[in-house]
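What's in my_file09.cif: mmCIF, N, CA and C atoms
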```cif
data_upload
loop_
_atom_site.group_PDB
_atom_site.id
_atom_site.type_symbol
_atom_site.label_atom_id
_atom_site.label_comp_id
_atom_site.auth_asym_id
_atom_site.auth_seq_id
_atom_site.Cartn_x
_atom_site.Cartn_y
_atom_site.Cartn_z
ATOM 1 N N MET A 1 0.821 -1.198 0.000
ATOM 2 C CA MET A 1 0.000 0.000 0.000
ATOM 3 C C MET A 1 0.864 1.261 0.000
ATOM 4 N N ASP A 2 1.992 1.214 0.703
ATOM 5 C CA ASP A 2 2.889 2.369 0.693
ATOM 6 C C ASP A 2 3.431 2.629 -0.700
ATOM 7 N N GLU A 3 3.705 1.553 -1.442
ATOM 8 C CA GLU A 3 4.197 1.704 -2.814
ATOM 9 C C GLU A 3 3.174 2.420 -3.678
ATOM 10 N N LEU A 4 1.914 2.040 -3.540
ATOM 11 C CA LEU A 4 0.868 2.672 -4.321
ATOM 12 C C LEU A 4 0.749 4.146 -3.949
ATOM 13 N N ARG A 5 0.801 4.456 -2.682
ATOM 14 C CA ARG A 5 0.729 5.863 -2.255
ATOM 15 C C ARG A 5 1.866 6.678 -2.842
ATOM 16 N N ARG A 6 3.072 6.089 -2.853
ATOM 17 C CA ARG A 6 4.225 6.802 -3.417
ATOM 18 C C ARG A 6 4.054 6.987 -4.927
ATOM 19 N N LEU A 7 3.563 5.958 -5.599
ATOM 20 C CA LEU A 7 3.321 6.066 -7.038
ATOM 21 C C LEU A 7 2.318 7.171 -7.336
ATOM 22 N N LEU A 8 1.212 7.187 -6.609
ATOM 23 C CA LEU A 8 0.180 8.194 -6.840
ATOM 24 C C LEU A 8 0.696 9.601 -6.568
ATOM 25 N N ALA A 9 1.474 9.757 -5.507
ATOM 26 C CA ALA A 9 2.050 11.069 -5.189
ATOM 27 C C ALA A 9 3.030 11.509 -6.274
ATOM 28 N N ALA A 10 3.864 10.586 -6.740
ATOM 29 C CA ALA A 10 4.837 10.918 -7.788
ATOM 30 C C ALA A 10 4.118 11.273 -9.089
ATOM 31 N N ALA A 11 3.082 10.537 -9.417
ATOM 32 C CA ALA A 11 2.327 10.826 -10.638
ATOM 33 C C ALA A 11 1.689 12.201 -10.547
ATOM 34 N N ARG A 12 1.066 12.493 -9.433
ATOM 35 C CA ARG A 12 0.344 13.759 -9.262
ATOM 36 C C ARG A 12 1.275 14.960 -9.405
ATOM 37 N N SER A 13 2.478 14.839 -8.900
ATOM 38 C CA SER A 13 3.409 15.978 -8.943
ATOM 39 C C SER A 13 4.330 15.935 -10.159
ATOM 40 N N GLY A 14 4.155 14.935 -11.002
ATOM 41 C CA GLY A 14 5.033 14.768 -12.154
ATOM 42 C C GLY A 14 4.672 15.664 -13.328
ATOM 43 N N PRO A 15 5.561 15.696 -14.313
ATOM 44 C CA PRO A 15 5.348 16.530 -15.503
ATOM 45 C C PRO A 15 4.356 15.883 -16.477
ATOM 46 N N VAL A 16 4.044 16.611 -17.520
ATOM 47 C CA VAL A 16 3.200 16.080 -18.591
ATOM 48 C C VAL A 16 3.974 14.976 -19.307
ATOM 49 N N ARG A 17 3.318 13.843 -19.485
ATOM 50 C CA ARG A 17 3.891 12.712 -20.219
ATOM 51 C C ARG A 17 2.803 12.134 -21.117
ATOM 52 N N CYS A 18 3.145 11.902 -22.354
ATOM 53 C CA CYS A 18 2.173 11.339 -23.313
ATOM 54 C C CYS A 18 0.865 12.136 -23.310
ATOM 55 N N GLU A 19 0.982 13.452 -23.250
ATOM 56 C CA GLU A 19 -0.163 14.372 -23.261
ATOM 57 C C GLU A 19 -1.054 14.270 -22.026
ATOM 58 N N MET A 20 -0.554 13.639 -20.953
ATOM 59 C CA MET A 20 -1.329 13.554 -19.706
ATOM 60 C C MET A 20 -0.574 14.285 -18.610
ATOM 61 N N ASP A 21 -1.278 15.191 -17.927
ATOM 62 C CA ASP A 21 -0.648 15.871 -16.802
ATOM 63 C C ASP A 21 -0.620 14.942 -15.594
ATOM 64 N N GLY A 22 0.089 15.359 -14.568
ATOM 65 C CA GLY A 22 0.260 14.528 -13.381
ATOM 66 C C GLY A 22 -1.039 14.186 -12.685
ATOM 67 N N GLU A 23 -1.951 15.131 -12.608
ATOM 68 C CA GLU A 23 -3.239 14.880 -11.944
ATOM 69 C C GLU A 23 -4.027 13.798 -12.695
ATOM 70 N N SER A 24 -4.008 13.865 -14.007
ATOM 71 C CA SER A 24 -4.708 12.845 -14.804
ATOM 72 C C SER A 24 -4.076 11.475 -14.620
ATOM 73 N N ARG A 25 -2.740 11.418 -14.614
ATOM 74 C CA ARG A 25 -2.071 10.123 -14.407
ATOM 75 C C ARG A 25 -2.364 9.576 -13.017
ATOM 76 N N HIS A 26 -2.400 10.455 -12.013
ATOM 77 C CA HIS A 26 -2.766 10.041 -10.650
ATOM 78 C C HIS A 26 -4.125 9.332 -10.680
ATOM 79 N N TRP A 27 -5.115 9.933 -11.346
ATOM 80 C CA TRP A 27 -6.454 9.349 -11.373
ATOM 81 C C TRP A 27 -6.520 8.099 -12.231
ATOM 82 N N LEU A 28 -5.766 8.063 -13.294
ATOM 83 C CA LEU A 28 -5.702 6.862 -14.117
ATOM 84 C C LEU A 28 -5.197 5.681 -13.290
ATOM 85 N N TYR A 29 -4.084 5.875 -12.589
ATOM 86 C CA TYR A 29 -3.498 4.809 -11.768
ATOM 87 C C TYR A 29 -4.405 4.458 -10.593
ATOM 88 N N ARG A 30 -4.976 5.469 -9.966
ATOM 89 C CA ARG A 30 -5.825 5.210 -8.798
ATOM 90 C C ARG A 30 -7.078 4.428 -9.185
ATOM 91 N N LEU A 31 -7.736 4.848 -10.257
ATOM 92 C CA LEU A 31 -8.929 4.116 -10.688
ATOM 93 C C LEU A 31 -8.585 2.702 -11.129
ATOM 94 N N GLY A 32 -7.460 2.544 -11.803
ATOM 95 C CA GLY A 32 -7.036 1.212 -12.202
ATOM 96 C C GLY A 32 -6.796 0.318 -11.006
ATOM 97 N N ALA A 33 -6.112 0.844 -10.002
ATOM 98 C CA ALA A 33 -5.790 0.064 -8.807
ATOM 99 C C ALA A 33 -7.041 -0.249 -7.983
ATOM 100 N N GLU A 34 -7.927 0.721 -7.836
ATOM 101 C CA GLU A 34 -9.109 0.522 -6.991
ATOM 102 C C GLU A 34 -10.200 -0.306 -7.667
ATOM 103 N N SER A 35 -10.301 -0.192 -8.984
ATOM 104 C CA SER A 35 -11.416 -0.848 -9.674
ATOM 105 C C SER A 35 -11.022 -2.129 -10.399
ATOM 106 N N GLY A 36 -9.749 -2.241 -10.750
ATOM 107 C CA GLY A 36 -9.307 -3.385 -11.539
ATOM 108 C C GLY A 36 -9.566 -3.216 -13.026
ATOM 109 N N LEU A 37 -9.996 -2.025 -13.448
ATOM 110 C CA LEU A 37 -10.252 -1.785 -14.862
ATOM 111 C C LEU A 37 -8.958 -1.879 -15.663
ATOM 112 N N ARG A 38 -9.074 -2.408 -16.858
ATOM 113 C CA ARG A 38 -7.926 -2.552 -17.752
ATOM 114 C C ARG A 38 -7.754 -1.283 -18.583
ATOM 115 N N SER A 39 -6.645 -1.237 -19.278
ATOM 116 C CA SER A 39 -6.281 -0.052 -20.047
ATOM 117 C C SER A 39 -7.373 0.400 -21.022
ATOM 118 N N ASN A 40 -7.904 -0.486 -21.852
ATOM 119 C CA ASN A 40 -8.954 -0.084 -22.804
ATOM 120 C C ASN A 40 -10.233 0.331 -22.083
ATOM 121 N N GLU A 41 -10.510 -0.280 -20.962
ATOM 122 C CA GLU A 41 -11.694 0.096 -20.181
ATOM 123 C C GLU A 41 -11.507 1.497 -19.612
ATOM 124 N N LEU A 42 -10.325 1.790 -19.091
ATOM 125 C CA LEU A 42 -10.038 3.131 -18.579
ATOM 126 C C LEU A 42 -10.071 4.154 -19.712
ATOM 127 N N ARG A 43 -9.548 3.789 -20.861
ATOM 128 C CA ARG A 43 -9.525 4.679 -22.024
ATOM 129 C C ARG A 43 -10.937 5.050 -22.452
ATOM 130 N N SER A 44 -11.894 4.156 -22.263
ATOM 131 C CA SER A 44 -13.265 4.383 -22.733
ATOM 132 C C SER A 44 -14.099 5.264 -21.802
ATOM 133 N N LEU A 45 -13.610 5.560 -20.611
ATOM 134 C CA LEU A 45 -14.420 6.302 -19.646
ATOM 135 C C LEU A 45 -14.708 7.731 -20.097
ATOM 136 N N THR A 46 -15.961 8.127 -19.911
ATOM 137 C CA THR A 46 -16.371 9.516 -20.117
ATOM 138 C C THR A 46 -16.951 10.018 -18.803
ATOM 139 N N ARG A 47 -17.260 11.289 -18.752
ATOM 140 C CA ARG A 47 -17.859 11.854 -17.537
ATOM 141 C C ARG A 47 -19.154 11.109 -17.201
ATOM 142 N N ALA A 48 -19.892 10.715 -18.227
ATOM 143 C CA ALA A 48 -21.170 10.026 -18.015
ATOM 144 C C ALA A 48 -20.999 8.613 -17.463
ATOM 145 N N SER A 49 -19.786 8.086 -17.478
ATOM 146 C CA SER A 49 -19.531 6.742 -16.939
ATOM 147 C C SER A 49 -19.651 6.699 -15.418
ATOM 148 N N PHE A 50 -19.629 7.864 -14.786
ATOM 149 C CA PHE A 50 -19.598 7.946 -13.328
ATOM 150 C C PHE A 50 -20.921 8.402 -12.759
ATOM 151 N N ASP A 51 -21.351 7.746 -11.696
ATOM 152 C CA ASP A 51 -22.498 8.212 -10.900
ATOM 153 C C ASP A 51 -21.936 8.489 -9.513
ATOM 154 N N LEU A 52 -21.478 9.709 -9.330
ATOM 155 C CA LEU A 52 -20.774 10.066 -8.091
ATOM 156 C C LEU A 52 -21.698 10.560 -6.995
ATOM 157 N N ASP A 53 -22.940 10.859 -7.341
ATOM 158 C CA ASP A 53 -23.866 11.386 -6.340
ATOM 159 C C ASP A 53 -24.819 10.338 -5.786
ATOM 160 N N ALA A 54 -24.679 9.112 -6.243
ATOM 161 C CA ALA A 54 -25.529 8.034 -5.740
ATOM 162 C C ALA A 54 -25.147 7.701 -4.301
ATOM 163 N N THR A 55 -26.040 7.040 -3.595
ATOM 164 C CA THR A 55 -25.733 6.586 -2.239
ATOM 165 C C THR A 55 -24.479 5.726 -2.255
ATOM 166 N N ARG A 56 -24.381 4.883 -3.275
ATOM 167 C CA ARG A 56 -23.174 4.074 -3.501
ATOM 168 C C ARG A 56 -22.611 4.475 -4.864
ATOM 169 N N PRO A 57 -21.595 5.341 -4.889
ATOM 170 C CA PRO A 57 -21.042 5.825 -6.154
ATOM 171 C C PRO A 57 -20.509 4.677 -7.009
ATOM 172 N N THR A 58 -20.634 4.850 -8.341
ATOM 173 C CA THR A 58 -20.220 3.794 -9.266
ATOM 174 C C THR A 58 -19.541 4.357 -10.511
ATOM 175 N N VAL A 59 -18.878 3.462 -11.216
ATOM 176 C CA VAL A 59 -18.370 3.712 -12.565
ATOM 177 C C VAL A 59 -18.871 2.557 -13.426
ATOM 178 N N THR A 60 -19.328 2.882 -14.642
ATOM 179 C CA THR A 60 -19.895 1.869 -15.531
ATOM 180 C C THR A 60 -19.076 1.781 -16.815
ATOM 181 N N ILE A 61 -18.771 0.558 -17.196
ATOM 182 C CA ILE A 61 -18.085 0.264 -18.443
ATOM 183 C C ILE A 61 -19.120 -0.350 -19.383
ATOM 184 N N ASP A 62 -19.216 0.176 -20.601
ATOM 185 C CA ASP A 62 -20.189 -0.419 -21.524
ATOM 186 C C ASP A 62 -19.636 -1.703 -22.134
ATOM 187 N N ALA A 63 -20.524 -2.509 -22.636
ATOM 188 C CA ALA A 63 -20.156 -3.835 -23.136
ATOM 189 C C ALA A 63 -19.129 -3.772 -24.263
ATOM 190 N N ALA A 64 -19.203 -2.759 -25.092
ATOM 191 C CA ALA A 64 -18.289 -2.651 -26.233
ATOM 192 C C ALA A 64 -16.831 -2.501 -25.811
ATOM 193 N N HIS A 65 -16.602 -1.999 -24.602
ATOM 194 C CA HIS A 65 -15.230 -1.773 -24.141
ATOM 195 C C HIS A 65 -14.780 -2.738 -23.050
ATOM 196 N N ALA A 66 -15.676 -3.556 -22.562
ATOM 197 C CA ALA A 66 -15.323 -4.511 -21.508
ATOM 198 C C ALA A 66 -14.631 -5.727 -22.111
ATOM 199 N N LYS A 67 -13.650 -6.239 -21.419
ATOM 200 C CA LYS A 67 -12.898 -7.386 -21.923
ATOM 201 C C LYS A 67 -13.806 -8.594 -22.174
ATOM 202 N N ASN A 68 -14.771 -8.794 -21.276
ATOM 203 C CA ASN A 68 -15.651 -9.955 -21.418
ATOM 204 C C ASN A 68 -16.886 -9.667 -22.277
ATOM 205 N N GLY A 69 -16.978 -8.452 -22.815
ATOM 206 C CA GLY A 69 -18.096 -8.107 -23.687
ATOM 207 C C GLY A 69 -19.404 -7.838 -22.972
ATOM 208 N N LYS A 70 -19.345 -7.711 -21.648
ATOM 209 C CA LYS A 70 -20.554 -7.446 -20.862
ATOM 210 C C LYS A 70 -20.393 -6.129 -20.110
ATOM 211 N N ALA A 71 -21.443 -5.321 -20.126
ATOM 212 C CA ALA A 71 -21.420 -4.074 -19.368
ATOM 213 C C ALA A 71 -21.230 -4.386 -17.888
ATOM 214 N N ALA A 72 -20.548 -3.503 -17.198
ATOM 215 C CA ALA A 72 -20.306 -3.716 -15.765
ATOM 216 C C ALA A 72 -20.394 -2.385 -15.030
ATOM 217 N N THR A 73 -21.043 -2.414 -13.879
ATOM 218 C CA THR A 73 -21.096 -1.253 -12.999
ATOM 219 C C THR A 73 -20.349 -1.630 -11.733
ATOM 220 N N LEU A 74 -19.318 -0.862 -11.449
ATOM 221 C CA LEU A 74 -18.437 -1.157 -10.318
ATOM 222 C C LEU A 74 -18.564 -0.091 -9.238
ATOM 223 N N PRO A 75 -18.501 -0.498 -7.980
ATOM 224 C CA PRO A 75 -18.591 0.477 -6.890
ATOM 225 C C PRO A 75 -17.300 1.284 -6.771
ATOM 226 N N LEU A 76 -17.463 2.506 -6.302
ATOM 227 C CA LEU A 76 -16.325 3.366 -5.979
ATOM 228 C C LEU A 76 -16.378 3.697 -4.490
ATOM 229 N N ARG A 77 -15.225 3.815 -3.892
ATOM 230 C CA ARG A 77 -15.190 4.219 -2.487
ATOM 231 C C ARG A 77 -15.731 5.648 -2.367
ATOM 232 N N PRO A 78 -16.485 5.955 -1.316
ATOM 233 C CA PRO A 78 -17.055 7.301 -1.168
ATOM 234 C C PRO A 78 -16.000 8.403 -1.203
ATOM 235 N N GLU A 79 -14.835 8.166 -0.596
ATOM 236 C CA GLU A 79 -13.791 9.203 -0.609
ATOM 237 C C GLU A 79 -13.217 9.386 -2.010
ATOM 238 N N THR A 80 -13.169 8.309 -2.782
ATOM 239 C CA THR A 80 -12.714 8.403 -4.168
ATOM 240 C C THR A 80 -13.715 9.214 -4.974
ATOM 241 N N ALA A 81 -14.990 8.933 -4.796
ATOM 242 C CA ALA A 81 -16.037 9.661 -5.515
ATOM 243 C C ALA A 81 -16.002 11.149 -5.176
ATOM 244 N N ALA A 82 -15.807 11.466 -3.917
ATOM 245 C CA ALA A 82 -15.767 12.875 -3.500
ATOM 246 C C ALA A 82 -14.620 13.611 -4.186
ATOM 247 N N GLU A 83 -13.454 12.989 -4.254
ATOM 248 C CA GLU A 83 -12.302 13.623 -4.900
ATOM 249 C C GLU A 83 -12.461 13.655 -6.419
ATOM 250 N N LEU A 84 -13.094 12.636 -6.982
ATOM 251 C CA LEU A 84 -13.322 12.610 -8.431
ATOM 252 C C LEU A 84 -14.220 13.748 -8.884
ATOM 253 N N ARG A 85 -15.168 14.160 -8.052
ATOM 254 C CA ARG A 85 -16.045 15.279 -8.407
ATOM 255 C C ARG A 85 -15.220 16.500 -8.782
ATOM 256 N N THR A 86 -14.184 16.762 -7.999
ATOM 257 C CA THR A 86 -13.318 17.910 -8.272
ATOM 258 C C THR A 86 -12.527 17.692 -9.558
ATOM 259 N N PHE A 87 -11.942 16.507 -9.716
ATOM 260 C CA PHE A 87 -11.143 16.217 -10.904
ATOM 261 C C PHE A 87 -11.981 16.312 -12.175
ATOM 262 N N LEU A 88 -13.176 15.758 -12.150
ATOM 263 C CA LEU A 88 -14.019 15.757 -13.345
ATOM 264 C C LEU A 88 -14.653 17.114 -13.600
ATOM 265 N N GLY A 89 -14.784 17.915 -12.533
ATOM 266 C CA GLY A 89 -15.292 19.274 -12.672
ATOM 267 C C GLY A 89 -16.542 19.375 -13.508
ATOM 268 N N ASN A 90 -16.491 20.285 -14.469
ATOM 269 C CA ASN A 90 -17.655 20.531 -15.324
ATOM 270 C C ASN A 90 -17.487 19.921 -16.710
ATOM 271 N N LYS A 91 -16.776 18.807 -16.799
ATOM 272 C CA LYS A 91 -16.610 18.157 -18.105
ATOM 273 C C LYS A 91 -17.982 17.771 -18.645
ATOM 274 N N PRO A 92 -18.175 17.937 -19.946
ATOM 275 C CA PRO A 92 -19.440 17.485 -20.531
ATOM 276 C C PRO A 92 -19.567 15.967 -20.416
ATOM 277 N N PRO A 93 -20.788 15.445 -20.410
ATOM 278 C CA PRO A 93 -20.997 14.001 -20.224
ATOM 279 C C PRO A 93 -20.236 13.115 -21.208
ATOM 280 N N THR A 94 -20.055 13.567 -22.435
ATOM 281 C CA THR A 94 -19.385 12.734 -23.434
ATOM 282 C C THR A 94 -17.874 12.956 -23.486
ATOM 283 N N ALA A 95 -17.357 13.854 -22.659
ATOM 284 C CA ALA A 95 -15.916 14.147 -22.671
ATOM 285 C C ALA A 95 -15.124 12.966 -22.123
ATOM 286 N N PRO A 96 -14.063 12.552 -22.828
ATOM 287 C CA PRO A 96 -13.211 11.484 -22.296
ATOM 288 C C PRO A 96 -12.562 11.937 -20.984
ATOM 289 N N VAL A 97 -12.446 11.026 -20.056
ATOM 290 C CA VAL A 97 -11.821 11.342 -18.771
ATOM 291 C C VAL A 97 -10.307 11.402 -18.920
ATOM 292 N N PHE A 98 -9.749 10.480 -19.710
ATOM 293 C CA PHE A 98 -8.295 10.392 -19.876
ATOM 294 C C PHE A 98 -7.923 10.479 -21.349
ATOM 295 N N ARG A 99 -6.813 11.153 -21.624
ATOM 296 C CA ARG A 99 -6.260 11.218 -22.986
ATOM 297 C C ARG A 99 -5.092 10.254 -23.045
ATOM 298 N N MET A 100 -5.391 8.993 -23.078
ATOM 299 C CA MET A 100 -4.357 7.969 -23.091
ATOM 300 C C MET A 100 -3.874 7.727 -24.508
ATOM 301 N N PRO A 101 -2.564 7.532 -24.665
ATOM 302 C CA PRO A 101 -2.062 7.200 -26.000
ATOM 303 C C PRO A 101 -2.537 5.802 -26.414
ATOM 304 N N ARG A 102 -2.682 5.621 -27.699
ATOM 305 C CA ARG A 102 -3.068 4.306 -28.213
ATOM 306 C C ARG A 102 -1.856 3.381 -28.155
ATOM 307 N N PRO A 103 -2.089 2.090 -27.923
ATOM 308 C CA PRO A 103 -0.960 1.144 -27.883
ATOM 309 C C PRO A 103 -0.308 0.983 -29.250
#
```
Kindly present the structure from the file in structure tokens form.
Amino acid sequence: MDELRRLLAAARSGPVRCEMDGESRHWLYRLGAESGLRSNELRSLTRASFDLDATRPTVTIDAAHAKNGKAATLPLRPETAAELRTFLGNKPPTAPVFRMPRP
């Protein structure tokens, strides 16, 4: 767990890499670690993928981007959802969350 904390801190304070600023990389790594989402699943996320105001906040992956071909709604920790609200800000619903380079 200490390793993950150090990684997240280093990412957050790091420079722009592959067109992603440190804050975006922090959230990419954090969501990947907390949710188990794979790279293409993370790449597919838009603002509309998140329900942060629900009693139990979630992120949803549509079937077209899920590895198993089935849509999935995954829980998010309440503290993660609270911080994500700030990161996602006023992004339009269809705006991609991450600008990840293609493999």
For the provided coordinates, the residues matched by the PyMOL selection byres ((chain A and resi 22-33) around 7) should be stated as a short mmCIF file (atom, residue, chain, number, x, y, z; two decimals) with N, CA and C atoms, in the coordinates of the input.
```cif
data_model
loop_
_atom_site.label_atom_id
_atom_site.label_comp_id
_atom_site.auth_asym_id
_atom_site.auth_seq_id
_atom_site.Cartn_x
_atom_site.Cartn_y
_atom_site.Cartn_z
N LEU A 7 3.56 5.96 -5.60
CA LEU A 7 3.32 6.07 -7.04
C LEU A 7 2.32 7.17 -7.34
N LEU A 8 1.21 7.19 -6.61
CA LEU A 8 0.18 8.19 -6.84
C LEU A 8 0.70 9.60 -6.57
N ALA A 9 1.47 9.76 -5.51
CA ALA A 9 2.05 11.07 -5.19
C ALA A 9 3.03 11.51 -6.27
N ALA A 10 3.86 10.59 -6.74
CA ALA A 10 4.84 10.92 -7.79
C ALA A 10 4.12 11.27 -9.09
N ALA A 11 3.08 10.54 -9.42
CA ALA A 11 2.33 10.83 -10.64
C ALA A 11 1.69 12.20 -10.55
N ARG A 12 1.07 12.49 -9.43
CA ARG A 12 0.34 13.76 -9.26
C ARG A 12 1.27 14.96 -9.40
N SER A 13 2.48 14.84 -8.90
CA SER A 13 3.41 15.98 -8.94
C SER A 13 4.33 15.94 -10.16
N GLY A 14 4.16 14.94 -11.00
CA GLY A 14 5.03 14.77 -12.15
C GLY A 14 4.67 15.66 -13.33
N PRO A 15 5.56 15.70 -14.31
CA PRO A 15 5.35 16.53 -15.50
C PRO A 15 4.36 15.88 -16.48
N VAL A 16 4.04 16.61 -17.52
CA VAL A 16 3.20 16.08 -18.59
C VAL A 16 3.97 14.98 -19.31
N ARG A 17 3.32 13.84 -19.48
CA ARG A 17 3.89 12.71 -20.22
C ARG A 17 2.80 12.13 -21.12
N MET A 20 -0.55 13.64 -20.95
CA MET A 20 -1.33 13.55 -19.71
C MET A 20 -0.57 14.28 -18.61
N ASP A 21 -1.28 15.19 -17.93
CA ASP A 21 -0.65 15.87 -16.80
C ASP A 21 -0.62 14.94 -15.59
N GLU A 34 -7.93 0.72 -7.84
CA GLU A 34 -9.11 0.52 -6.99
C GLU A 34 -10.20 -0.31 -7.67
N SER A 35 -10.30 -0.19 -8.98
CA SER A 35 -11.42 -0.85 -9.67
C SER A 35 -11.02 -2.13 -10.40
N GLY A 36 -9.75 -2.24 -10.75
CA GLY A 36 -9.31 -3.38 -11.54
C GLY A 36 -9.57 -3.22 -13.03
N LEU A 37 -10.00 -2.02 -13.45
CA LEU A 37 -10.25 -1.78 -14.86
C LEU A 37 -8.96 -1.88 -15.66
N ARG A 38 -9.07 -2.41 -16.86
CA ARG A 38 -7.93 -2.55 -17.75
C ARG A 38 -7.75 -1.28 -18.58
N PHE A 98 -9.75 10.48 -19.71
CA PHE A 98 -8.30 10.39 -19.88
C PHE A 98 -7.92 10.48 -21.35
#
```
request  = Could you give me, as an MDAnalysis selection string, each residue of chain A that DSSP assigns to strand (DSSP E) when run on this structure's backbone?
outcome  = chainID A and resid 50:51 58:61 72:75
task = Place a sphere of radius 7 Å on (-20.1, -1.7, -14.9) in the file coordinates and name every protein, DNA or RNA residue with an atom inside or on its surface, counting only N, CA and C atoms; give the answer as a ChimeraX atom specification.
result = /A:59-62,70-74
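Pairwise distance (atom C of Ala48 of chain A, atom N of Thr94 of chain A) equals 7.1 Å.
Here atom CA of Met1 of chain A is placed at a distance of 28.3 Å from atom CA of Pro96 of chain A.
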Looking only at the backbone, which of the residues in segment 18-101 of chain A does DSSP tag as alpha helix (DSSP H), as a short mmCIF file (atom, residue, chain, number, x, y, z; two decimals) with N, CA and C atoms, in the coordinates of the input?
```cif
data_model
loop_
_atom_site.label_atom_id
_atom_site.label_comp_id
_atom_site.auth_asym_id
_atom_site.auth_seq_id
_atom_site.Cartn_x
_atom_site.Cartn_y
_atom_site.Cartn_z
N GLY A 22 0.09 15.36 -14.57
CA GLY A 22 0.26 14.53 -13.38
C GLY A 22 -1.04 14.19 -12.68
N GLU A 23 -1.95 15.13 -12.61
CA GLU A 23 -3.24 14.88 -11.94
C GLU A 23 -4.03 13.80 -12.70
N SER A 24 -4.01 13.86 -14.01
CA SER A 24 -4.71 12.84 -14.80
C SER A 24 -4.08 11.48 -14.62
N ARG A 25 -2.74 11.42 -14.61
CA ARG A 25 -2.07 10.12 -14.41
C ARG A 25 -2.36 9.58 -13.02
N HIS A 26 -2.40 10.46 -12.01
CA HIS A 26 -2.77 10.04 -10.65
C HIS A 26 -4.12 9.33 -10.68
N TRP A 27 -5.12 9.93 -11.35
CA TRP A 27 -6.45 9.35 -11.37
C TRP A 27 -6.52 8.10 -12.23
N LEU A 28 -5.77 8.06 -13.29
CA LEU A 28 -5.70 6.86 -14.12
C LEU A 28 -5.20 5.68 -13.29
N TYR A 29 -4.08 5.88 -12.59
CA TYR A 29 -3.50 4.81 -11.77
C TYR A 29 -4.40 4.46 -10.59
N ARG A 30 -4.98 5.47 -9.97
CA ARG A 30 -5.82 5.21 -8.80
C ARG A 30 -7.08 4.43 -9.18
N LEU A 31 -7.74 4.85 -10.26
CA LEU A 31 -8.93 4.12 -10.69
C LEU A 31 -8.59 2.70 -11.13
N GLY A 32 -7.46 2.54 -11.80
CA GLY A 32 -7.04 1.21 -12.20
C GLY A 32 -6.80 0.32 -11.01
N ALA A 33 -6.11 0.84 -10.00
CA ALA A 33 -5.79 0.06 -8.81
C ALA A 33 -7.04 -0.25 -7.98
N GLU A 34 -7.93 0.72 -7.84
CA GLU A 34 -9.11 0.52 -6.99
C GLU A 34 -10.20 -0.31 -7.67
N SER A 35 -10.30 -0.19 -8.98
CA SER A 35 -11.42 -0.85 -9.67
C SER A 35 -11.02 -2.13 -10.40
N SER A 39 -6.64 -1.24 -19.28
CA SER A 39 -6.28 -0.05 -20.05
C SER A 39 -7.37 0.40 -21.02
N ASN A 40 -7.90 -0.49 -21.85
CA ASN A 40 -8.95 -0.08 -22.80
C ASN A 40 -10.23 0.33 -22.08
N GLU A 41 -10.51 -0.28 -20.96
CA GLU A 41 -11.69 0.10 -20.18
C GLU A 41 -11.51 1.50 -19.61
N LEU A 42 -10.32 1.79 -19.09
CA LEU A 42 -10.04 3.13 -18.58
C LEU A 42 -10.07 4.15 -19.71
N ARG A 43 -9.55 3.79 -20.86
CA ARG A 43 -9.52 4.68 -22.02
C ARG A 43 -10.94 5.05 -22.45
N PRO A 78 -16.48 5.96 -1.32
CA PRO A 78 -17.06 7.30 -1.17
C PRO A 78 -16.00 8.40 -1.20
N GLU A 79 -14.84 8.17 -0.60
CA GLU A 79 -13.79 9.20 -0.61
C GLU A 79 -13.22 9.39 -2.01
N THR A 80 -13.17 8.31 -2.78
CA THR A 80 -12.71 8.40 -4.17
C THR A 80 -13.72 9.21 -4.97
N ALA A 81 -14.99 8.93 -4.80
CA ALA A 81 -16.04 9.66 -5.52
C ALA A 81 -16.00 11.15 -5.18
N ALA A 82 -15.81 11.47 -3.92
CA ALA A 82 -15.77 12.88 -3.50
C ALA A 82 -14.62 13.61 -4.19
N GLU A 83 -13.45 12.99 -4.25
CA GLU A 83 -12.30 13.62 -4.90
C GLU A 83 -12.46 13.66 -6.42
N LEU A 84 -13.09 12.64 -6.98
CA LEU A 84 -13.32 12.61 -8.43
C LEU A 84 -14.22 13.75 -8.88
N ARG A 85 -15.17 14.16 -8.05
CA ARG A 85 -16.05 15.28 -8.41
C ARG A 85 -15.22 16.50 -8.78
N THR A 86 -14.18 16.76 -8.00
CA THR A 86 -13.32 17.91 -8.27
C THR A 86 -12.53 17.69 -9.56
N PHE A 87 -11.94 16.51 -9.72
CA PHE A 87 -11.14 16.22 -10.90
C PHE A 87 -11.98 16.31 -12.18
N LEU A 88 -13.18 15.76 -12.15
CA LEU A 88 -14.02 15.76 -13.34
C LEU A 88 -14.65 17.11 -13.60
#
```
request  = Would you work out the distance separating atom CA of Pro101 of chain A from atom C of Leu45 of chain A, expressed in Å to one decimal?
outcome  = 14.0 Å
message = I need the output of the PyMOL selection byres (((chain A and resi 95 and name CA) around 12) and name CA) for this file as a list in words; which residues are they?
response = Arg43, Ser44, Leu45, Thr46, Arg47, Ala48, Ser49, Phe50, Leu88, Gly89, Asn90, Lys91, Pro92, Pro93, Thr94, Pro96, Val97, Phe98 and Arg99 of chain A
Centre and edges of the segment 67-71 of chain A box, axis-aligned, 5 Å extra per side, as JSON:
```
{"center_x": -17.2, "center_y": -7.0, "center_z": -20.8, "size_x": 18.5, "size_y": 15.9, "size_z": 15.8}
```
message = As a check of understanding, name the residues that the PyMOL selection byres (((chain A and resi 82 and name CA) around 12) and name CA) selects in the supplied structure, as a ChimeraX atom specification.
response = /A:50-58,76-81,83-89
